[in-house]
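See below for the structure under consideration.
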Amino acid sequence: MNREILFRAKKVDGGEWVEGYVIQRYGAWFIYDIKNADTCRQNSYLVDSDTICRYTGLMDKNGKKIWENDILMCHDNPVDLVKAVFGEFNVIEVESEEVIDSVIGWHYETIPTDALSKCEPFCYSMPLTEDYVKRCKMKVIGNIWDKSEDAKPKETDNIIYHDFTKKGRE
């Protein structure tokens with residue numbers, strides 16, 4: 001298995017996203033990128049440690065990298081939103097809706113945007129896999145640090161959207 005280990009974060013000066021390898025030095029966090037693999041020339045950027053996100057190893061339906069804390073739209077439906085998360089989540093037996101196990105890994109959490117997304121089983125966390133990305137036609141529309149205009153609710157949507165604006169890692 002060949003997995004790319006990569007991080008991204010927002011630069012302290014300007015807030016621009018940079019990606020590469022994360023290092024903590026002298027109490028500060030940096031992202032180092034390699035612009036030229038032949039010479040191993042590196043650029044380093046001082047970053048906001050709260051915004052450090054890991055690469056999931058997956059691409060959305062448009063070939064864009066999916067990062068931790070990215071907001072994904074499913075089926076081109078602006079109220080069918082999920083967040084990419086790494087951590088523990090429950091495995092639910094479908095018929096009884098009982099927790100039968102827990103797993104640590106990449107998964108997605110539903111962002112409650114309408115009544116249906118708050119109902120079981122639609123609100124359960126699910127594994128974030130290449131198959132689910134394809135099946136749900138997931139598309140990156142933003143992340144918890146830079147909310148996309150596509151992802152923001154409009155007055156005409158009549159949806160509740162408090163979790164989308166919640167920042168930070170739980």
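Simple scheme: letters A, B, ... for chains in structure tokens order, numbers from 1 for residues in each chain, numbers from 1 for ligands in the order shown.
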
Counting only C-alpha atoms, which residues in region 51-125 of chain A sit no more than 10 Å from region 21-45 of chain A? For each one, give the nearest pair of atoms and the distance in Å, sorted by chain then residue number, as a tab-separated table.
residue	atom	partner	partner_atom	distance
A:Ile52	CA	A:Val22	CA	8.2
A:Cys53	CA	A:Val22	CA	9.7
A:Arg54	CA	A:Val22	CA	9.6

- Which residues come within 8 Å of region 81-93 of chain A, counting only C-alpha atoms, excluding same-chain residues fewer than 3 positions away, as a ChimeraX atom specification? /A:66-74,77-78,96-113,125-126,128,143

- Test item: residues at most 12 Å from Glu16 (chain A), only C-alpha atoms, excluding those fewer than 3 positions along its chain, as JSON, numbers by chain: {"A": [8, 9, 10, 11, 12, 13, 19, 31, 45, 46, 47, 48, 51, 145, 146]}

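The interatomic distance for the pair CA of Gly20 (chain A) and CA of Met59 (chain A) works out to 16.8 Å.
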
- Task: Going by DSSP on the backbone, which bits of region 32-118 of chain A are strand (DSSP E)? Write them as number ranges by chain, please.
- Result: A: 32-36, 41-47, 53-59, 65-67, 70-73, 81-93, 98-111

- Message: Env of Gly63 (chain A): 10 Å cut, atoms = only C-alpha atoms, seq-sep filter 4 positions within chain, self excluded. Answer as number ranges by chain.
- Response: A: 58-59, 139-140
